[in-house]
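> This is the content of input00.json (JSON, C-alpha atoms and all ligand atoms):
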```
[["chain", "number", "residue", "atom", "x", "y", "z"],
["P", 1447, "MET", "CA", 53.26, -156.93, 62.47],
["P", 1448, "ALA", "CA", 50.26, -158.47, 60.71],
["P", 1449, "GLU", "CA", 47.01, -158.22, 62.71],
["P", 1450, "GLU", "CA", 45.75, -161.48, 64.20],
["P", 1451, "LYS", "CA", 42.71, -162.96, 62.51],
["P", 1452, "PRO", "CA", 39.53, -163.53, 64.57],
["P", 1453, "ALA", "CA", 38.30, -167.12, 64.93],
["P", 1454, "VAL", "CA", 34.90, -167.78, 63.35],
["P", 1455, "ALA", "CA", 32.44, -170.67, 63.60],
["P", 1456, "PHE", "CA", 29.22, -170.69, 61.60],
["P", 1457, "ILE", "CA", 26.13, -172.05, 63.40],
["P", 1458, "LEU", "CA", 23.57, -173.55, 61.03],
["P", 1459, "GLY", "CA", 20.35, -175.55, 61.28],
["P", 1460, "GLY", "CA", 16.70, -175.10, 60.42],
["P", 1461, "PRO", "CA", 14.39, -172.53, 62.02],
["P", 1462, "GLY", "CA", 13.86, -173.56, 65.63],
["P", 1463, "SER", "CA", 16.74, -176.03, 65.72],
["P", 1464, "GLY", "CA", 18.13, -174.09, 68.71],
["P", 1465, "LYS", "CA", 20.93, -172.01, 67.18],
["P", 1466, "GLY", "CA", 20.31, -168.91, 69.29],
["P", 1467, "THR", "CA", 19.73, -170.93, 72.45],
["P", 1468, "GLN", "CA", 22.97, -172.90, 72.15],
["P", 1469, "CYS", "CA", 24.98, -169.82, 71.14],
["P", 1470, "GLN", "CA", 23.83, -168.13, 74.35],
["P", 1471, "ARG", "CA", 25.07, -171.13, 76.33],
["P", 1472, "LEU", "CA", 28.44, -170.96, 74.55],
["P", 1473, "VAL", "CA", 28.69, -167.24, 75.29],
["P", 1474, "ASN", "CA", 28.07, -167.90, 78.99],
["P", 1475, "GLU", "CA", 30.54, -170.77, 79.13],
["P", 1476, "TYR", "CA", 33.39, -169.51, 76.95],
["P", 1477, "GLY", "CA", 32.93, -165.75, 76.54],
["P", 1478, "LEU", "CA", 32.59, -166.02, 72.77],
["P", 1479, "VAL", "CA", 30.84, -163.28, 70.79],
["P", 1480, "HIS", "CA", 27.46, -164.31, 69.36],
["P", 1481, "LEU", "CA", 26.34, -162.55, 66.19],
["P", 1482, "SER", "CA", 22.98, -163.63, 64.81],
["P", 1483, "ALA", "CA", 22.53, -162.62, 61.16],
["P", 1484, "GLY", "CA", 18.75, -162.63, 61.73],
["P", 1485, "ASP", "CA", 19.06, -160.30, 64.76],
["P", 1486, "LEU", "CA", 21.32, -157.92, 62.83],
["P", 1487, "LEU", "CA", 18.82, -157.84, 59.96],
["P", 1488, "ARG", "CA", 15.92, -157.20, 62.36],
["P", 1489, "GLU", "CA", 17.90, -154.33, 63.97],
["P", 1490, "GLU", "CA", 18.61, -152.87, 60.54],
["P", 1491, "ARG", "CA", 14.91, -153.15, 59.68],
["P", 1492, "ALA", "CA", 13.99, -151.35, 62.92],
["P", 1493, "SER", "CA", 16.50, -148.57, 62.23],
["P", 1494, "GLY", "CA", 14.37, -147.44, 59.31],
["P", 1495, "SER", "CA", 17.39, -147.41, 56.96],
["P", 1496, "LYS", "CA", 16.97, -147.46, 53.19],
["P", 1497, "ASP", "CA", 17.06, -151.28, 53.29],
["P", 1498, "ALA", "CA", 14.39, -151.63, 56.01],
["P", 1499, "GLU", "CA", 11.41, -152.30, 53.74],
["P", 1500, "LEU", "CA", 13.31, -154.75, 51.58],
["P", 1501, "ILE", "CA", 14.50, -156.64, 54.67],
["P", 1502, "GLU", "CA", 10.96, -156.82, 56.10],
["P", 1503, "SER", "CA", 9.47, -158.19, 52.89],
["P", 1504, "ILE", "CA", 12.21, -160.80, 52.54],
["P", 1505, "ILE", "CA", 11.95, -161.93, 56.17],
["P", 1506, "ARG", "CA", 8.18, -162.26, 55.97],
["P", 1507, "GLU", "CA", 8.54, -164.38, 52.83],
["P", 1508, "GLY", "CA", 11.18, -166.57, 54.49],
["P", 1509, "LYS", "CA", 13.65, -165.70, 51.74],
["P", 1510, "ILE", "CA", 17.27, -164.58, 52.06],
["P", 1511, "VAL", "CA", 18.49, -160.99, 52.13],
["P", 1512, "PRO", "CA", 21.23, -160.17, 49.57],
["P", 1513, "SER", "CA", 24.73, -160.74, 50.89],
["P", 1514, "GLU", "CA", 25.85, -157.13, 50.28],
["P", 1515, "ILE", "CA", 23.54, -156.14, 53.13],
["P", 1516, "THR", "CA", 24.15, -159.05, 55.51],
["P", 1517, "VAL", "CA", 27.93, -159.33, 55.17],
["P", 1518, "LYS", "CA", 28.30, -155.57, 55.74],
["P", 1519, "LEU", "CA", 26.20, -155.84, 58.93],
["P", 1520, "LEU", "CA", 28.30, -158.78, 60.15],
["P", 1521, "LYS", "CA", 31.59, -157.01, 59.40],
["P", 1522, "ASN", "CA", 30.46, -153.85, 61.22],
["P", 1523, "ALA", "CA", 29.34, -155.90, 64.23],
["P", 1524, "MET", "CA", 32.65, -157.78, 64.32],
["P", 1525, "GLU", "CA", 34.60, -154.52, 64.21],
["P", 1526, "LYS", "CA", 32.46, -153.04, 66.99],
["P", 1527, "ASN", "CA", 33.22, -156.07, 69.19],
["P", 1528, "GLY", "CA", 36.97, -155.78, 68.75],
["P", 1529, "TRP", "CA", 38.26, -157.42, 65.64],
["P", 1530, "ALA", "CA", 41.15, -159.73, 66.50],
["P", 1531, "LYS", "CA", 40.55, -160.11, 70.24],
["P", 1532, "SER", "CA", 37.23, -161.85, 69.77],
["P", 1533, "LYS", "CA", 36.09, -165.32, 68.83],
["P", 1534, "PHE", "CA", 32.85, -165.21, 66.91],
["P", 1535, "LEU", "CA", 29.83, -167.49, 66.65],
["P", 1536, "ILE", "CA", 28.05, -166.43, 63.48],
["P", 1537, "ASP", "CA", 24.53, -167.77, 63.76],
["P", 1538, "GLY", "CA", 22.26, -168.29, 60.76],
["P", 1539, "PHE", "CA", 24.92, -167.57, 58.16],
["P", 1540, "PRO", "CA", 25.86, -168.41, 55.40],
["P", 1541, "ARG", "CA", 22.31, -169.37, 54.44],
["P", 1542, "SER", "CA", 22.78, -169.50, 50.65],
["P", 1543, "GLN", "CA", 25.36, -169.59, 47.87],
["P", 1544, "ASP", "CA", 25.00, -165.81, 47.58],
["P", 1545, "ASN", "CA", 25.77, -165.46, 51.34],
["P", 1546, "LEU", "CA", 28.80, -167.71, 50.97],
["P", 1547, "ASP", "CA", 30.14, -165.91, 47.89],
["P", 1548, "GLY", "CA", 29.64, -162.50, 49.53],
["P", 1549, "TRP", "CA", 31.42, -163.69, 52.67],
["P", 1550, "ASN", "CA", 34.36, -165.17, 50.74],
["P", 1551, "THR", "CA", 34.82, -162.01, 48.72],
["P", 1552, "MET", "CA", 34.63, -159.57, 51.61],
["P", 1553, "MET", "CA", 35.81, -161.61, 54.62],
["P", 1554, "GLY", "CA", 37.44, -164.81, 53.42],
["P", 1555, "ASN", "CA", 41.05, -163.65, 53.92],
["P", 1556, "LEU", "CA", 40.38, -161.61, 57.05],
["P", 1557, "VAL", "CA", 39.20, -164.35, 59.43],
["P", 1558, "ASN", "CA", 40.32, -167.72, 60.73],
["P", 1559, "PHE", "CA", 37.33, -169.91, 59.79],
["P", 1560, "LYS", "CA", 37.19, -173.00, 62.04],
["P", 1561, "PHE", "CA", 34.08, -175.08, 61.36],
["P", 1562, "VAL", "CA", 30.32, -175.20, 60.92],
["P", 1563, "LEU", "CA", 28.20, -176.40, 63.85],
["P", 1564, "PHE", "CA", 25.10, -178.04, 62.34],
["P", 1565, "LEU", "CA", 22.12, -178.51, 64.65],
["P", 1566, "ASP", "CA", 20.22, -181.39, 63.11],
["P", 1567, "CYS", "CA", 16.50, -181.43, 63.97],
["P", 1568, "SER", "CA", 13.31, -182.80, 62.38],
["P", 1569, "GLU", "CA", 10.76, -180.45, 60.84],
["P", 1570, "ASP", "CA", 8.11, -181.71, 63.30],
["P", 1571, "ILE", "CA", 10.13, -180.74, 66.34],
["P", 1572, "MET", "CA", 11.21, -177.42, 64.84],
["P", 1573, "THR", "CA", 7.56, -176.63, 64.06],
["P", 1574, "GLN", "CA", 6.49, -177.37, 67.64],
["P", 1575, "ARG", "CA", 9.24, -175.13, 69.02],
["P", 1576, "ILE", "CA", 8.57, -172.22, 66.67],
["P", 1577, "MET", "CA", 4.80, -172.31, 67.22],
["P", 1578, "LYS", "CA", 5.43, -172.24, 70.97],
["P", 1579, "ARG", "CA", 7.89, -169.36, 70.54],
["P", 1580, "ALA", "CA", 5.27, -167.55, 68.42],
["P", 1581, "GLU", "CA", 3.11, -167.10, 71.53],
["P", 1582, "SER", "CA", 5.56, -164.50, 72.85],
["P", 1583, "SER", "CA", 8.23, -163.65, 70.23],
["P", 1584, "GLY", "CA", 6.33, -160.97, 68.30],
["P", 1585, "ARG", "CA", 8.33, -162.02, 65.21],
["P", 1586, "SER", "CA", 6.52, -161.37, 61.93],
["P", 1587, "ASP", "CA", 7.84, -164.68, 60.57],
["P", 1588, "ASP", "CA", 6.82, -166.86, 63.55],
["P", 1589, "ASN", "CA", 3.58, -168.04, 61.93],
["P", 1590, "ILE", "CA", 2.80, -171.23, 60.07],
["P", 1591, "GLU", "CA", 2.72, -169.65, 56.58],
["P", 1592, "SER", "CA", 6.14, -167.97, 56.95],
["P", 1593, "LEU", "CA", 7.53, -171.05, 58.67],
["P", 1594, "LYS", "CA", 6.65, -173.30, 55.70],
["P", 1595, "LYS", "CA", 8.49, -170.86, 53.42],
["P", 1596, "ARG", "CA", 11.49, -170.77, 55.79],
["P", 1597, "PHE", "CA", 11.65, -174.59, 55.71],
["P", 1598, "ARG", "CA", 11.61, -174.53, 51.92],
["P", 1599, "THR", "CA", 14.41, -171.96, 51.83],
["P", 1600, "TYR", "CA", 16.36, -174.02, 54.36],
["P", 1601, "ILE", "CA", 16.13, -177.19, 52.24],
["P", 1602, "GLU", "CA", 16.72, -175.49, 48.89],
["P", 1603, "SER", "CA", 19.38, -172.91, 49.82],
["P", 1604, "THR", "CA", 20.97, -173.64, 53.21],
["P", 1605, "LYS", "CA", 21.26, -177.43, 53.22],
["P", 1606, "PRO", "CA", 23.52, -177.34, 50.11],
["P", 1607, "ILE", "CA", 25.88, -174.99, 51.97],
["P", 1608, "ILE", "CA", 26.08, -177.42, 54.91],
["P", 1609, "ASP", "CA", 26.73, -180.25, 52.43],
["P", 1610, "PHE", "CA", 29.44, -178.17, 50.76],
["P", 1611, "TYR", "CA", 31.29, -177.74, 54.08],
["P", 1612, "ALA", "CA", 30.68, -181.40, 55.00],
["P", 1613, "LYS", "CA", 32.57, -182.49, 51.88],
["P", 1614, "GLN", "CA", 35.56, -180.60, 53.28],
["P", 1615, "ASN", "CA", 35.18, -182.25, 56.71],
["P", 1616, "LYS", "CA", 34.33, -178.88, 58.19],
["P", 1617, "VAL", "CA", 30.97, -179.77, 59.77],
["P", 1618, "VAL", "CA", 30.29, -180.85, 63.35],
["P", 1619, "THR", "CA", 26.79, -182.35, 63.39],
["P", 1620, "VAL", "CA", 24.86, -182.53, 66.65],
["P", 1621, "ASN", "CA", 21.47, -184.11, 67.21],
["P", 1622, "ALA", "CA", 19.44, -181.08, 68.32],
["P", 1623, "GLU", "CA", 16.27, -182.98, 69.25],
["P", 1624, "ARG", "CA", 17.26, -183.60, 72.88],
["P", 1625, "SER", "CA", 16.86, -181.20, 75.80],
["P", 1626, "ILE", "CA", 18.77, -177.89, 75.75],
["P", 1627, "GLU", "CA", 21.17, -179.25, 78.37],
["P", 1628, "GLU", "CA", 21.79, -182.55, 76.53],
["P", 1629, "VAL", "CA", 22.43, -180.76, 73.24],
["P", 1630, "PHE", "CA", 24.85, -178.38, 74.94],
["P", 1631, "GLU", "CA", 26.79, -181.27, 76.45],
["P", 1632, "LYS", "CA", 27.42, -182.59, 72.92],
["P", 1633, "ILE", "CA", 28.44, -179.17, 71.63],
["P", 1634, "ARG", "CA", 30.65, -178.05, 74.50],
["P", 1635, "PRO", "CA", 33.77, -180.19, 73.72],
["P", 1636, "HIS", "CA", 34.04, -178.72, 70.24],
["P", 1637, "PHE", "CA", 34.59, -175.25, 71.67],
["P", 1638, "THR", "CA", 37.08, -175.93, 74.45],
["P", 1639, "ASP", "CA", 40.02, -175.16, 72.09],
["P", 1640, "PHE", "CA", 38.17, -172.76, 69.82],
["G", 1701, "LIG", "N1", 16.75, -178.45, 72.82],
["G", 1701, "LIG", "C1", 15.60, -177.76, 72.95],
["G", 1701, "LIG", "N2", 14.52, -178.35, 73.49],
["G", 1701, "LIG", "C2", 13.36, -177.67, 73.62],
["G", 1701, "LIG", "N3", 13.18, -176.39, 73.24],
["G", 1701, "LIG", "C3", 14.23, -175.75, 72.68],
["G", 1701, "LIG", "C4", 15.48, -176.40, 72.51],
["G", 1701, "LIG", "N4", 16.33, -175.53, 71.92],
["G", 1701, "LIG", "C5", 15.64, -174.39, 71.73],
["G", 1701, "LIG", "N5", 14.38, -174.51, 72.20],
["G", 1701, "LIG", "C6", 13.30, -173.50, 72.15],
["G", 1701, "LIG", "O1", 12.87, -173.48, 70.78],
["G", 1701, "LIG", "C7", 12.67, -172.15, 70.34],
["G", 1701, "LIG", "C8", 13.61, -171.88, 69.16],
["G", 1701, "LIG", "O2", 14.94, -171.88, 69.63],
["G", 1701, "LIG", "P1", 16.00, -170.87, 69.05],
["G", 1701, "LIG", "O3", 15.41, -169.50, 68.98],
["G", 1701, "LIG", "O4", 17.25, -171.04, 69.79],
["G", 1701, "LIG", "O5", 16.15, -171.47, 67.58],
["G", 1701, "LIG", "P2", 16.86, -170.89, 66.29],
["G", 1701, "LIG", "O6", 17.46, -172.03, 65.58],
["G", 1701, "LIG", "O7", 17.78, -169.77, 66.68],
["G", 1701, "LIG", "O8", 15.60, -170.34, 65.50],
["G", 1701, "LIG", "P3", 15.50, -169.24, 64.34],
["G", 1701, "LIG", "O9", 16.43, -169.63, 63.25],
["G", 1701, "LIG", "O10", 14.08, -169.31, 63.93],
["G", 1701, "LIG", "O11", 15.85, -167.92, 64.97],
["G", 1701, "LIG", "C9", 12.94, -171.24, 71.53],
["G", 1701, "LIG", "O12", 11.71, -170.92, 72.12],
["G", 1701, "LIG", "C10", 13.79, -172.11, 72.46],
["G", 1701, "LIG", "O13", 13.60, -171.80, 73.82],
["G", 1702, "LIG", "N1", 21.89, -164.99, 56.65],
["G", 1702, "LIG", "C1", 20.60, -164.66, 56.83],
["G", 1702, "LIG", "C2", 19.95, -164.86, 58.06],
["G", 1702, "LIG", "C3", 18.62, -164.52, 58.19],
["G", 1702, "LIG", "N2", 17.97, -163.98, 57.14],
["G", 1702, "LIG", "C4", 16.54, -163.62, 57.23],
["G", 1702, "LIG", "O1", 16.13, -163.44, 58.57],
["G", 1702, "LIG", "C5", 15.14, -164.40, 58.90],
["G", 1702, "LIG", "C6", 15.22, -164.77, 60.34],
["G", 1702, "LIG", "O2", 16.49, -165.36, 60.60],
["G", 1702, "LIG", "P1", 16.71, -166.19, 61.96],
["G", 1702, "LIG", "O3", 18.08, -166.76, 61.86],
["G", 1702, "LIG", "O4", 16.58, -165.21, 63.08],
["G", 1702, "LIG", "O5", 15.66, -167.24, 61.98],
["G", 1702, "LIG", "C7", 15.35, -165.54, 57.91],
["G", 1702, "LIG", "O6", 14.21, -166.34, 57.72],
["G", 1702, "LIG", "C8", 15.69, -164.74, 56.65],
["G", 1702, "LIG", "O7", 14.55, -164.19, 56.06],
["G", 1702, "LIG", "C9", 18.62, -163.77, 55.95],
["G", 1702, "LIG", "O8", 18.02, -163.28, 54.98],
["G", 1702, "LIG", "N3", 19.92, -164.11, 55.82]]
```
Mind converting the file's structure to structure tokens?


Amino acid sequence: MAEEKPAVAFILGGPGSGKGTQCQRLVNEYGLVHLSAGDLLREERASGSKDAELIESIIREGKIVPSEITVKLLKNAMEKNGWAKSKFLIDGFPRSQDNLDGWNTMMGNLVNFKFVLFLDCSEDIMTQRIMKRAESSGRSDDNIESLKKRFRTYIESTKPIIDFYAKQNKVVTVNAERSIEEVFEKIRPHFTDF
């Protein structure tokens, strides 16, 4: 019998739009598996693997790591979590055309892609949140110089991917400028049958 395909939703939005925060709420509420591409890249960097230096320089510059690295990390993490049994929230991916192409080539036929959740938030609010987070995060890219570069990458490389999915009616857009609780209340109904 053919193996069941895992359900996948992509969670996209600018830096500080609340992707990680809302994913955590969804995990608590629905027992979904949250995989943050950024977290997986930071773990890979910390492991000291052959890609560690490349990943660090790309993250600091707010650019996007090549898909061969990121898709492999995502696939490994999905397998570790139990392939078909799980329902996955993939946070911060696909961030570019290269991410999308790499995903389609390696994973396209293996998963049941559902939709993109887009957390829509102004640059002003995202800046306030990230600069607050910078006080305790220890992240090498939570500083105003890296943040400006991350915004540029978001507009130039990630927004077109959201637009691409929107043309196929595959995007759920939520206003992410309200409180954590209010945003979650808008998101929750989209995951009851996920
Ligand atoms: N709705 C909200 N209202 C106020 N603060 C929020 C809200 N959502 C998230 N935050 C705070 O903003 C910061 C960024 O949130 P979070 O890490 O979830 O964003 P993100 O989109 O995952 O960011 P990144 O892509 O940079 O990792 C965190 O400190 C979080 O507590
Ligand atoms: N698909 C991705 C996701 C992330 N990155 C790099 O990691 C940085 C931090 O990501 P967060 O989602 O945790 O904010 C991001 O700015 C990129 O440099 C990536 O390359 N590809």

> Kindly give the distance, in Å, that separates atom CA of Trp1529 of chain P and atom CA of Val1517 of chain P, rounded to a single decimal.

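That distance, rounded to one decimal, is 14.8 Å.
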
> Rounded to one decimal, what separation in Å do you get between atom CA of Leu1500 of chain P and atom CA of Thr1573 of chain P?

25.8 Å

> Output as JSON the centre and edge lengths (Å, one decimal) of the box along x, y and z of the file that holds every listed atom of ligand LIG 1701 (chain G) after adding 3 Å on each side.


```
{"center_x": 14.7, "center_y": -173.2, "center_z": 68.5, "size_x": 12.1, "size_y": 16.5, "size_z": 16.6}
```

> Could you tell me which of P:Leu1520, P:Leu1565, P:Leu1556, P:Ala1492 comes closest to Ile1608 of chain P if we count only C-alpha atoms?

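Selected residue with least distance to Ile1608 of chain P: P:Leu1565.
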
> Do you know which residues are within 6 Å of ligand LIG 1701 (chain G) using only C-alpha atoms and all ligand atoms? Can you write them as a ChimeraX atom specification?

/P:1461-1467,1575-1576,1579,1622-1626

> Would you compute the distance between atom CA of Asp1497 of chain P and atom O3 of ligand LIG 1702 (chain G)? Give it in Å to one decimal.

17.7 Å

> Find the residues around Pro1512 of chain P up to 9 Å (only C-alpha atoms counted), leave out those fewer than 5 positions away in its own chain, and share them as a VMD selection string.

chain P and resid 1517 1544 to 1545 1548

> Could you list, as JSON, numbers by chain, all protein and nucleic acid residues with an atom at most 10 Å from ligand LIG 1702 (chain G), counting all atoms listed in the file?

{"P": [1457, 1458, 1459, 1460, 1461, 1462, 1463, 1464, 1465, 1466, 1482, 1483, 1484, 1485, 1486, 1487, 1488, 1501, 1502, 1503, 1504, 1505, 1506, 1507, 1508, 1509, 1510, 1511, 1512, 1513, 1515, 1516, 1517, 1520, 1536, 1537, 1538, 1539, 1540, 1541, 1542, 1544, 1545, 1546, 1576, 1585, 1586, 1587, 1588, 1592, 1593, 1595, 1596, 1597, 1599, 1600, 1604]}

> May I ask which of the residues P:Asn1558, P:Lys1594, P:Ser1583, P:Pro1635 is the closest one to Asp1570 of chain P, counting all atoms listed in the file?

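For Asp1570 of chain P, the nearest of the given residues is P:Lys1594.
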
> Determine the nearest neighbour of Phe1637 of chain P from the options P:Arg1491, P:Lys1560, P:Lys1451, P:Lys1496, counting only C-alpha atoms.

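Looking only at the distances to Phe1637 of chain P, the closest residue turns out to be P:Lys1560.
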
> With all atoms listed in the file as the atoms that count, which of P:Glu1631, P:Thr1619, P:Ser1582, P:Val1557 lies nearest to Glu1525 of chain P?

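Selected residue with least distance to Glu1525 of chain P: P:Val1557.
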
> For segment 1612-1615 of chain P, please output as a VMD selection string all residues within 12 Å (counting only C-alpha atoms; exclusion window: fewer than 6 positions along the same chain).

chain P and resid 1560 to 1564 1605 to 1606

> Export, as a compact mmCIF listing (two decimals), in the frame of the given file, the selected residues with C-alpha atoms.


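Okay, this is what ended up in again-v6.txt:
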```
# COMPACT_ATOMS: atom_id res chain seq x y z
CA LYS P 1560 37.19 -173.00 62.04
CA PHE P 1561 34.08 -175.08 61.36
CA VAL P 1562 30.32 -175.20 60.92
CA LEU P 1563 28.20 -176.40 63.85
CA PHE P 1564 25.10 -178.04 62.34
CA LYS P 1605 21.26 -177.43 53.22
CA PRO P 1606 23.52 -177.34 50.11
```

> Pick out the residues sitting within 12 Å of Glu1450 of chain P, and hand them over as a PyMOL selection string; count all atoms listed in the file, and ignore anything fewer than 2 positions along from it in its own chain.

chain P and resi 1447-1448+1452-1453+1528-1533+1555-1558

> Measuring between all atoms listed in the file, which one of P:Glu1627, P:Phe1559, P:Lys1518, P:His1636 shows the shortest distance to Arg1471 of chain P?

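Result for the nearest residue to Arg1471 of chain P: P:Glu1627.
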